Amino acid sequence: MEWETVIGLEIHAQLATKSKIFSGAATAYGAEPNTQACAVDLGLPGTLPVLNKEAVRMAVKFGLAIHAQIDEFSVFARKNYFYPDLPKGYQISQYEKPIVGPGYIDIEVEEAGPIRIGITRAHLEEDAGKSLHEDFHGMSGIDLNRAGTPLLEIVSEPDMRSASQAVAYMKKIHSLVRYLGICDGNMQEGSFRCDANVSVRLKGEEKLGTRTELKNLNSFRFIERAINYEVERQIDLLESGGEVIQETRLYDADKDETRPMRSKEEANDYRYFPDPDLLPVQVSRELVDEVRETLPELPDARKKRFMEEFNLSAYDAGLLTADRELADYFEIAVNTANGESKLTANWINVELNASLNRENKTLSESPVSAEQLGELILRIKDNTISGKIAKQVFASLWEGKGSSADEIIEKEGLKQMSDSGELEKLVNEVLQANPAQVEQYRAGKTKVLGFFVGQIMKQTGGKANPGQVNQLLKSKLDQ
Amino acid sequence: MHNKTLIELSKSLHNREFSSVELTQHFLDRIRQYDQTLNSFITVTEEIALAQAKAADKKLASGKAGPLTGIPLAQKDIFCTKGVRTSCASLMLDNFISPYDATVVEKINDAGMVMLGKTNMDEFAMGSSNETSYYGAVKNPWNTDHVPGGSSGGSAAAVAARLTPVATGTDTGGSIRQPAALCGITGIKPTYGTVSRYGMIAFASSLDQGGPMARSAEDAALMLNLMTGFDERDSTSIEREKEDYTRSLDNSLKGLKVGLPKEYFSEDLNADIAGVIEGAIKEIEKLGATIKEISLPNTRLSIPAYYVIAPAECSSNLSRMDGVRFGYRCKDPKDLYDLYARSRGEAFGDEVTRRILIGTYALSAGYYDAYYLKAQKIRRLISNDFKNVFNEVDVIIGPTSPTVAFRLGEKSKDNDPVSMYLADIYTISVNLAGLPGMSIPVGQVEGLPVGLQLIGNYFQEAKLLNVAHQFQQVTDWHQKSPEGF
Amino acid sequence: MSLDKKDVEAIARLARIEIKPEQIDETASQLSSILEFVEQMNTIDTSAIEPVAHPLDLTARLREDAVTEPNQRELFQSIAPAVENGLYLVPKVIE
């Protein structure tokens with residue numbers, strides 16, 4: 001039997017507002033418990049919500065970026081259930097009329113090429129607090145700092161057919177929300193989270209299989225592993241004559257398995273109804289136009305431009321535009337380097353990337369600025385230094401030994417030797433000192449040339465211009 | 001001292017005939033003397049009152065006082081008052097010391113008024129007789145075997161018995177107007193969105209509205225000036241120019257077009273009350289108004305729609321009462337479910353429980369459209385009825401309540417909640433439509449007051465107060481006070 | 001709509017309100033009579049009517065994104081039934 005996997009994702013992106021969606025409490029991460037939970041967040045009797053304008057603008061921004069319909073009116077509804085991290089006994093969310101209607105995004109995966117993933121809707125809602133399970137005499141502790149943080153819940157169509165497609169989609173959305181500046185994308189802090197609806201069906205079957213909802217997928221790696229585990233579990237079940245039960249399952253990263261969530265055992269009846277404390281939200285044409293003006297160039301468009309304008313491969317352009325900051329870095333560097341795009345792309349994707357990884361730094365923490373890198377590339381381009389020396393200069397820049405490539409080249413005397421008189425003298429010396437090798441060359445073993453180049457490089461500390469050295473050697477030897 | 005109107009009190013205070021401390025002490029003494037009988041206060045805030053009175057006297061001495069500075073009032077125990085228990089007449093909030101002030105309380109404090117205490121009410125404002133209070137029923141000062149009406153029964157009884165010059169109330173389905181009628185005082189529920197709901201513990205968010213309960217239309221207008229105004233903390237608050245509700249009190253009623261809805265004068269209305277109301281209508285006619293019969297055909301659907309919407313909203317609004325962050329918590333909960341179910345089961349009274357259950361059911365899967373959505377549509381029909389009528393008339397008048405104050409236990413004893421719900425037949429439509437409505441005393445039946453209801457178009461509070469004030473210039477029902485207090 | 005004992009138990013569970021076993025029958029009959037009463041709504045066709053959201057059909061006013069609320073944990077937790085280390089305590093939460 002051949003099985004097909006069907007996956008839909010619900011992504012929760014915390015919006016990067018300063019204050020909460022319905023109150024003036026701060027949203028900063030990592031504060032002491034309950035110090036950022038105001039009367040409204042605590043659901044004290046008599047308190048009322050007032051919607052944050054910025055959250056609305058951010059949602060509209062996202063909608064425009066996924067080519068979605070933005071209806072003029074959207075409605076906040078109450079989702080009623082009891083849970084200690086939900087102070088009011090209901091979550092303010094959107095149900096029947098979400099702010100962002102149907103849209104889509106294109107992803108690329110190696111095995112299948114470009115795929116269009118439908119986005120059913122994206123709606124605004126408030127985040128819940130956190131239950132801490134360390135033992136307080138057999139009790140749990142509740143921290144409501146996170147309660148009321150604005151979330152954009154992005155619901156996809158069940159358009160993904162493998163865990164790797166799901167990851168590619170999630171990465172694409174991750175890149176998009178960061179491009180838009182509406183979410184910091186920090187998965188460790190929970191600013192970007194995902195639940196996956198997973199089902200399997202026999203290939204060719206139209207009807208969807210019974211799905212399970214996987215929760216707690218807080219890294220790209222976990223998503224892939226959790227889905228793969230779950231797909232296998234479902235197939236095993238079905239092949240052994242069993243049935244998949246519709247349920248919510250929690251991914252346990254330590255055991256690399258999914259298990260049913262006990263708290264979700266009881267079928268919930270959320271009793272949605274329009275929140276009478278909040279009136280319908282009107283998103284005017286003017287607001288949409290105003291937000292449209294602030295849209296940055298989006299990853300897909302930028303990638304295309306990078307390929308055209310800088311003559312980059314799809315692969316390089318894809319790598320460079322996946323992150324807005326990285327793409328900005330590239331553009332500054334390449335402009336400084338007089339449009340030397342291939343070299344700039346390589347330096348960023350290889351040298352810079354390796355250095356950042358080695359020291360576990362993010363791009364914004366890079367000690368080498370885009371301008372500095374661009375200047376360095378200029379010096380490679382105009383033959384002031386060789387590629388090899390450039391690595392040395394880069395390392396010095398990284399360590400802060402100078403403020404520019406030129407300064408380091410000057411200070412450390414790394415300038416390439418291109419004085420032909422001086423080089424010629426050196427070449428003559430090396431040829432005289434190694435008559436045996438000269439003989440070998442002249443006997444047809446031209447590979448020996450490399451030996452001579454090496455000797456000269458050694459004596460110049462790598463500063464000789466390799467092309468010039470080659471040329472000189474050849475002209476002498478071929479005489 | 002206790003029979004003076006707000007204007008008179010203001011004059012006396014400004015002329016230093018007596019101090020705010022003396023005035024406050026006088027009302028505190030009256031509360032001590034009479035409230036054992038009436039049970040109109042849940043909490044008397046003597047210390048705060050005297051401190052506020054002292055501060056008010058300073059302001060008065062320095063000439064920085066406003067018109068109501070130094071005048072005592074009582075707050076319905078549904079308004080959050082910082083540092084003072086705000087119980088909503090429920091065991092659930094018996095230990096709830098509010099950490100903040102409601103917007104209305106802030107405004108009243110800023111004006112330098114003096115809070116005597118927090119008045120009794122139906123639990124979470126759910127009731128029409130004040131019998132559902134955890135702190136016991138309030139007695140009607142006109143006859144202590146009778147109810148004061150509800151839910152603002154404590155405020156109504158306290159004002160009627162002159163235990164406070166004025167009080168705040170809230171009105172979700174008649175909770176200001178009906179007790180005002182049953183206790184013979186003047187109460188007004190303004191247009192929905194006029195008085196901030198921030199800090200007013202929600203019963204049914206789309207219907208709740210605060211307002212003053214006073215002894216006259218003029219006093220009510222002065223209080224309304226204080227209580228109203230746009231509040232950025234309440235999304236349903238209406239952004240509009242502040243108005244002076246006293247500005248047209250003295251206008252003549254000549255040419256005023258008054259409508260009498262025939263549905264309000266059906267056989268449900270007690271005949272004696274009908275007689276009193278007709279007398280009042282004649283007075284208003286004498287003042288120059290023209291009277292015509294009108295129809296509000298969907299009136300009969302107002303109570304059914306209300307008893308879906310209000311419970312549905314309250315079932316959700318009261319979910320925050322869960323024993324976790326404030327309020328009542330059951331002893332030794334064995335797990336999370338037990339914490340919720342027992343805390344709520346033990347602390348909510350029968351009527352509150354019933355309404356939460358009805359509301360939960362009405363919103364549950366498969367029933368939402370048939371109940372809640374249907375009711376919200378009927379609301380539109382009821383609003384449209386009024387819209388049509390206000391094309392023809394300026395003000396609608398009729399009875400506030402189909403009966404005078406009933407006996408304690410009369411409607412609560414036989415466990416038939418629906419018979420109690422019918423007490424609000426004339427008041428509920430006004431909440432569903434969000435219109436302003438008021439009640440003024442216009443007579444008595446068997447020694448118990450009868451209220452006349454006035455309903456205006458949106459933002460026509462000043463017009464209602466004008467009609468009421470003109471009526472009160474030629475009659476003295478509002479000046480009558482119950483014997484023995 | 002008439003509710004039986006089981007319905008009442010299910011609704012009470014959803015609403016997280018414990019009802020004493022001896023009160024369930026009476027609650028069922030009271031709720032049934034209320035439902036029967038409100039079903040008068042069904043005597044009218046409302047299929048073409050828009051439901052009301054705000055009596056004045058207003059739309060939401062939005063707030064500027066600014067932090068205005070200071071930390072008041074001590075005050076807020078002074079009225080809490082059980083707190084420790086700044087956390088609200090509840091019986092163990094099972095995920």
# chains A, B, ... in the order shown; residues from 1 in each chain; ligands from 1
>>> select_by_dssp(residues="segment 4-93 of chain C", states="strand (DSSP E)", output="PDB file with N, CA and C atoms, in the first residue's frame")
ATOM      1  N   VAL C  83      -0.560  32.528  46.368  1.00  0.00           N
ATOM      2  CA  VAL C  83       0.562  32.921  45.500  1.00  0.00           C
ATOM      3  C   VAL C  83       1.874  32.475  46.147  1.00  0.00           C
ATOM      4  N   GLU C  84       2.853  32.250  45.313  1.00  0.00           N
ATOM      5  CA  GLU C  84       4.193  31.959  45.813  1.00  0.00           C
ATOM      6  C   GLU C  84       5.192  32.418  44.759  1.00  0.00           C
ATOM      7  N   LEU C  87       3.924  33.851  41.645  1.00  0.00           N
ATOM      8  CA  LEU C  87       3.062  33.028  40.778  1.00  0.00           C
ATOM      9  C   LEU C  87       1.742  32.732  41.488  1.00  0.00           C
ATOM     10  N   TYR C  88       0.678  32.637  40.691  1.00  0.00           N
ATOM     11  CA  TYR C  88      -0.606  32.197  41.237  1.00  0.00           C
ATOM     12  C   TYR C  88      -0.578  30.675  41.326  1.00  0.00           C
ATOM     13  N   LEU C  89      -0.986  30.139  42.457  1.00  0.00           N
ATOM     14  CA  LEU C  89      -0.939  28.685  42.612  1.00  0.00           C
ATOM     15  C   LEU C  89      -2.294  28.047  42.351  1.00  0.00           C
ATOM     16  N   VAL C  90      -2.259  26.954  41.619  1.00  0.00           N
ATOM     17  CA  VAL C  90      -3.470  26.167  41.349  1.00  0.00           C
ATOM     18  C   VAL C  90      -3.122  24.691  41.488  1.00  0.00           C
ATOM     19  N   PRO C  91      -4.135  23.847  41.671  1.00  0.00           N
ATOM     20  CA  PRO C  91      -3.840  22.412  41.675  1.00  0.00           C
ATOM     21  C   PRO C  91      -3.112  22.035  40.385  1.00  0.00           C
TER      22      PRO C  91
END
>>> residues_around(residues="Gln77 of chain C", least_positions_apart="3", cutoff="12 Å", atoms="only C-alpha atoms", output="MDAnalysis selection string")
(chainID A and resid 33:35 37:39 42 44 142:144) or (chainID B and resid 96:99 324:327) or (chainID C and resid 71:74 80:89)
>>> interface_residues(of="chain B", to="chain C", cutoff="8 Å", atoms="only C-alpha atoms", output="MDAnalysis selection string")
chainID B and resid 95:97 99 192 206 235:236 301 303:305 307:308 315 319 323:329 333:337 339:346 353:354 356:358 360:361 373:381 383 415:418 432:434
>>> closest_residue(among="A:Ser131, A:Asn434, A:Asn346, A:Ser162", to="chain C", atoms="only C-alpha atoms")
A:Ser131
>>> closest_atom_pairs(of="chain A", to="chain C", cutoff="9 Å", atoms="only C-alpha atoms", output="CSV")
residue,atom,partner,partner_atom,distance
A:Thr17,CA,C:Asp65,CA,6.7
A:Lys18,CA,C:Ala66,CA,6.2
A:Ser19,CA,C:Val67,CA,5.1
A:Lys20,CA,C:Asp65,CA,8.0
A:Ile21,CA,C:Asp65,CA,8.6
A:Phe22,CA,C:Arg63,CA,8.5
A:Ser23,CA,C:Glu69,CA,8.0
A:Gly24,CA,C:Val67,CA,4.7
A:Ala25,CA,C:Glu69,CA,4.9
A:Ala26,CA,C:Val67,CA,5.5
A:Thr27,CA,C:Val67,CA,8.6
A:Glu32,CA,C:Gly86,CA,7.9
A:Pro33,CA,C:Gly86,CA,5.8
A:Asn34,CA,C:Arg73,CA,6.2
A:Thr35,CA,C:Asn71,CA,5.0
A:Gln36,CA,C:Asn71,CA,6.0
A:Ala37,CA,C:Asn71,CA,7.5
A:Cys38,CA,C:Glu69,CA,6.4
A:Ala39,CA,C:Phe76,CA,7.7
A:Leu42,CA,C:Phe76,CA,8.7
A:Val50,CA,C:Arg63,CA,6.4
A:Leu51,CA,C:Leu62,CA,5.3
A:Asn52,CA,C:Arg63,CA,4.8
A:Lys53,CA,C:Leu62,CA,5.0
A:Glu54,CA,C:Asp65,CA,5.8
A:Ala55,CA,C:Asp65,CA,8.2
A:Val56,CA,C:Leu62,CA,8.8
A:Phe73,CA,C:Thr59,CA,8.8
A:Tyr81,CA,C:Leu14,CA,8.1
A:Phe82,CA,C:Arg16,CA,8.0
A:Tyr83,CA,C:Val93,CA,8.8
A:Pro84,CA,C:Val90,CA,7.4
A:Ser131,CA,C:Val93,CA,7.2
A:Leu132,CA,C:Val93,CA,8.5
A:His133,CA,C:Val93,CA,7.2
A:Asp135,CA,C:Lys92,CA,8.6
A:Phe136,CA,C:Leu89,CA,7.8
A:Gly138,CA,C:Lys92,CA,6.2
A:Met139,CA,C:Lys92,CA,4.5
A:Ser140,CA,C:Lys92,CA,4.7
A:Gly141,CA,C:Leu89,CA,4.7
A:Ile142,CA,C:Tyr88,CA,4.9
A:Asp143,CA,C:Leu87,CA,5.6
A:Leu144,CA,C:Leu87,CA,8.5
A:Leu250,CA,C:Glu95,CA,8.4
A:Met261,CA,C:Glu95,CA,5.7
A:Arg262,CA,C:Glu95,CA,5.7
A:Ser263,CA,C:Glu95,CA,5.1
A:Lys264,CA,C:Glu95,CA,7.8
A:Asn268,CA,C:Leu14,CA,8.3
A:Asp269,CA,C:Leu14,CA,7.7
A:Pro274,CA,C:Ala53,CA,7.8
A:Asp275,CA,C:Ala53,CA,8.8
A:Pro276,CA,C:Ala53,CA,6.9
A:Leu278,CA,C:Ala60,CA,6.4
A:Leu279,CA,C:Ala60,CA,4.6
A:Pro280,CA,C:Thr59,CA,5.0
A:Val281,CA,C:Ala60,CA,5.1
A:Gln282,CA,C:Thr59,CA,6.3
>>> atom_distance(atom1="atom CA of Trp477 of chain B", atom2="atom CA of Gly437 of chain B")
19.0 Å
>>> closest_residue(among="B:Arg233, B:Lys189, B:Arg355, B:Lys463", to="chain A", atoms="only C-alpha atoms")
B:Arg233
>>> residues_around(residues="Leu253 of chain B", least_positions_apart="3", cutoff="9 Å", atoms="only C-alpha atoms", output="ChimeraX atom specification")
/B:256-257,284-285,287-289,466-467,470
>>> residues_around(residues="Gly43 of chain A", least_positions_apart="2", cutoff="8 Å", atoms="only C-alpha atoms", output="PDB file with C-alpha atoms, in the first residue's frame")
ATOM      1  CA  ALA A  39      -5.663  44.539  35.652  1.00  0.00           C
ATOM      2  CA  VAL A  40      -7.007  43.874  32.150  1.00  0.00           C
ATOM      3  CA  ASP A  41      -4.591  40.972  31.554  1.00  0.00           C
ATOM      4  CA  PRO A  45     -13.810  42.167  37.444  1.00  0.00           C
ATOM      5  CA  THR A  47     -11.893  45.555  33.269  1.00  0.00           C
ATOM      6  CA  PRO A  87      -7.553  34.558  33.133  1.00  0.00           C
ATOM      7  CA  LYS A  88     -10.959  35.550  31.795  1.00  0.00           C
TER       8      LYS A  88
ATOM      9  CA  ARG B 320     -13.259  34.923  35.268  1.00  0.00           C
TER      10      ARG B 320
END
>>> closest_atom_pairs(of="segment 39-155 of chain B", to="segment 10-30 of chain B", cutoff="6 Å", atoms="only C-alpha atoms", output="CSV")
residue,atom,partner,partner_atom,distance
B:Ala53,CA,B:Val21,CA,4.9
B:Lys54,CA,B:Val21,CA,5.9
B:Asp57,CA,B:Ser20,CA,5.8
B:Gly70,CA,B:Ser20,CA,4.9
>>> write_last_selection(atoms="N, CA and C atoms", output="PDB file, in the first residue's frame")
ATOM      1  N   ALA B  53     -14.862  63.914  53.294  1.00  0.00           N
ATOM      2  CA  ALA B  53     -15.623  65.098  53.696  1.00  0.00           C
ATOM      3  C   ALA B  53     -14.675  66.192  54.176  1.00  0.00           C
ATOM      4  N   LYS B  54     -13.670  65.789  54.929  1.00  0.00           N
ATOM      5  CA  LYS B  54     -12.672  66.740  55.416  1.00  0.00           C
ATOM      6  C   LYS B  54     -11.978  67.422  54.241  1.00  0.00           C
ATOM      7  N   ASP B  57     -14.253  69.829  52.619  1.00  0.00           N
ATOM      8  CA  ASP B  57     -14.373  71.088  53.377  1.00  0.00           C
ATOM      9  C   ASP B  57     -13.205  72.019  53.063  1.00  0.00           C
ATOM     10  N   GLY B  70     -18.329  67.765  48.368  1.00  0.00           N
ATOM     11  CA  GLY B  70     -18.745  67.650  49.757  1.00  0.00           C
ATOM     12  C   GLY B  70     -20.090  66.981  49.950  1.00  0.00           C
TER      13      GLY B  70
END
>>> residues_around(residues="Ala196 of chain A", least_positions_apart="4", cutoff="8 Å", atoms="only C-alpha atoms", output="PDB file with all heavy atoms, in the first residue's frame")
ATOM      1  N   ILE A   7      -0.728  17.442   5.376  1.00  0.00           N
ATOM      2  CA  ILE A   7      -0.387  18.283   6.532  1.00  0.00           C
ATOM      3  C   ILE A   7      -0.912  19.698   6.342  1.00  0.00           C
ATOM      4  O   ILE A   7      -0.792  20.287   5.267  1.00  0.00           O
ATOM      5  CB  ILE A   7       1.156  18.369   6.713  1.00  0.00           C
ATOM      6  CG1 ILE A   7       1.758  16.976   6.848  1.00  0.00           C
ATOM      7  CG2 ILE A   7       1.511  19.222   7.935  1.00  0.00           C
ATOM      8  CD1 ILE A   7       3.234  16.934   6.527  1.00  0.00           C
ATOM      9  N   GLY A   8      -1.499  20.213   7.389  1.00  0.00           N
ATOM     10  CA  GLY A   8      -1.856  21.632   7.432  1.00  0.00           C
ATOM     11  C   GLY A   8      -1.229  22.218   8.686  1.00  0.00           C
ATOM     12  O   GLY A   8      -1.143  21.533   9.704  1.00  0.00           O
ATOM     13  N   LEU A   9      -0.797  23.462   8.623  1.00  0.00           N
ATOM     14  CA  LEU A   9      -0.149  24.049   9.800  1.00  0.00           C
ATOM     15  C   LEU A   9      -0.942  25.242  10.329  1.00  0.00           C
ATOM     16  O   LEU A   9      -1.517  26.007   9.560  1.00  0.00           O
ATOM     17  CB  LEU A   9       1.273  24.529   9.472  1.00  0.00           C
ATOM     18  CG  LEU A   9       2.324  23.505   9.099  1.00  0.00           C
ATOM     19  CD1 LEU A   9       3.690  24.195   9.007  1.00  0.00           C
ATOM     20  CD2 LEU A   9       2.402  22.371  10.103  1.00  0.00           C
ATOM     21  N   GLU A  10      -0.932  25.357  11.650  1.00  0.00           N
ATOM     22  CA  GLU A  10      -1.440  26.567  12.302  1.00  0.00           C
ATOM     23  C   GLU A  10      -0.246  27.209  12.973  1.00  0.00           C
ATOM     24  O   GLU A  10       0.312  26.648  13.914  1.00  0.00           O
ATOM     25  CB  GLU A  10      -2.490  26.212  13.353  1.00  0.00           C
ATOM     26  CG  GLU A  10      -3.812  25.791  12.760  1.00  0.00           C
ATOM     27  CD  GLU A  10      -4.733  25.131  13.787  1.00  0.00           C
ATOM     28  OE1 GLU A  10      -4.524  25.341  14.998  1.00  0.00           O
ATOM     29  OE2 GLU A  10      -5.632  24.399  13.362  1.00  0.00           O
ATOM     30  N   GLU A 213      -3.803  16.488  15.879  1.00  0.00           N
ATOM     31  CA  GLU A 213      -3.194  17.802  15.966  1.00  0.00           C
ATOM     32  C   GLU A 213      -1.970  17.688  16.863  1.00  0.00           C
ATOM     33  O   GLU A 213      -2.077  17.263  18.020  1.00  0.00           O
ATOM     34  CB  GLU A 213      -4.203  18.799  16.539  1.00  0.00           C
ATOM     35  CG  GLU A 213      -3.673  20.218  16.540  1.00  0.00           C
ATOM     36  CD  GLU A 213      -4.651  21.227  17.137  1.00  0.00           C
ATOM     37  OE1 GLU A 213      -5.757  20.824  17.540  1.00  0.00           O
ATOM     38  OE2 GLU A 213      -4.290  22.418  17.204  1.00  0.00           O
ATOM     39  N   LEU A 214      -0.815  18.049  16.319  1.00  0.00           N
ATOM     40  CA  LEU A 214       0.419  17.963  17.099  1.00  0.00           C
ATOM     41  C   LEU A 214       0.741  19.332  17.677  1.00  0.00           C
ATOM     42  O   LEU A 214       0.770  20.326  16.965  1.00  0.00           O
ATOM     43  CB  LEU A 214       1.583  17.512  16.218  1.00  0.00           C
ATOM     44  CG  LEU A 214       1.385  16.221  15.432  1.00  0.00           C
ATOM     45  CD1 LEU A 214       2.660  15.883  14.679  1.00  0.00           C
ATOM     46  CD2 LEU A 214       1.016  15.074  16.375  1.00  0.00           C
ATOM     47  N   LYS A 215       1.002  19.349  18.974  1.00  0.00           N
ATOM     48  CA  LYS A 215       1.310  20.626  19.631  1.00  0.00           C
ATOM     49  C   LYS A 215       2.751  20.652  20.104  1.00  0.00           C
ATOM     50  O   LYS A 215       3.427  19.618  20.130  1.00  0.00           O
ATOM     51  CB  LYS A 215       0.369  20.816  20.830  1.00  0.00           C
ATOM     52  CG  LYS A 215      -1.041  21.184  20.398  1.00  0.00           C
ATOM     53  CD  LYS A 215      -1.725  22.029  21.452  1.00  0.00           C
ATOM     54  CE  LYS A 215      -3.113  22.429  21.045  1.00  0.00           C
ATOM     55  NZ  LYS A 215      -3.162  23.559  20.126  1.00  0.00           N
ATOM     56  N   ILE A 227       6.371  15.226  12.851  1.00  0.00           N
ATOM     57  CA  ILE A 227       5.476  14.823  11.762  1.00  0.00           C
ATOM     58  C   ILE A 227       5.870  13.437  11.254  1.00  0.00           C
ATOM     59  O   ILE A 227       5.012  12.563  11.064  1.00  0.00           O
ATOM     60  CB  ILE A 227       5.495  15.863  10.618  1.00  0.00           C
ATOM     61  CG1 ILE A 227       4.863  17.170  11.108  1.00  0.00           C
ATOM     62  CG2 ILE A 227       4.750  15.335   9.389  1.00  0.00           C
ATOM     63  CD1 ILE A 227       4.909  18.301  10.100  1.00  0.00           C
TER      64      ILE A 227
END
>>> atom_distance(atom1="atom CA of Glu153 of chain A", atom2="atom CA of Arg57 of chain A")
14.7 Å
>>> atom_distance(atom1="atom CA of Gly113 of chain A", atom2="atom CA of Asn228 of chain A")
20.5 Å
>>> closest_residue(among="A:Thr258, A:Gln91, A:Thr362, A:Asn335", to="chain B", atoms="only C-alpha atoms")
A:Gln91
>>> closest_residue(among="A:Leu176, A:Val244, A:Phe273, A:Gln94", to="chain B", atoms="only C-alpha atoms")
A:Phe273
>>> select_by_dssp(residues="segment 222-353 of chain A", states="helix (DSSP H, G or I)", output="MDAnalysis selection string")
chainID A and resid 222:239 262:264 285:293 299:309 314:321 324:336 341:353
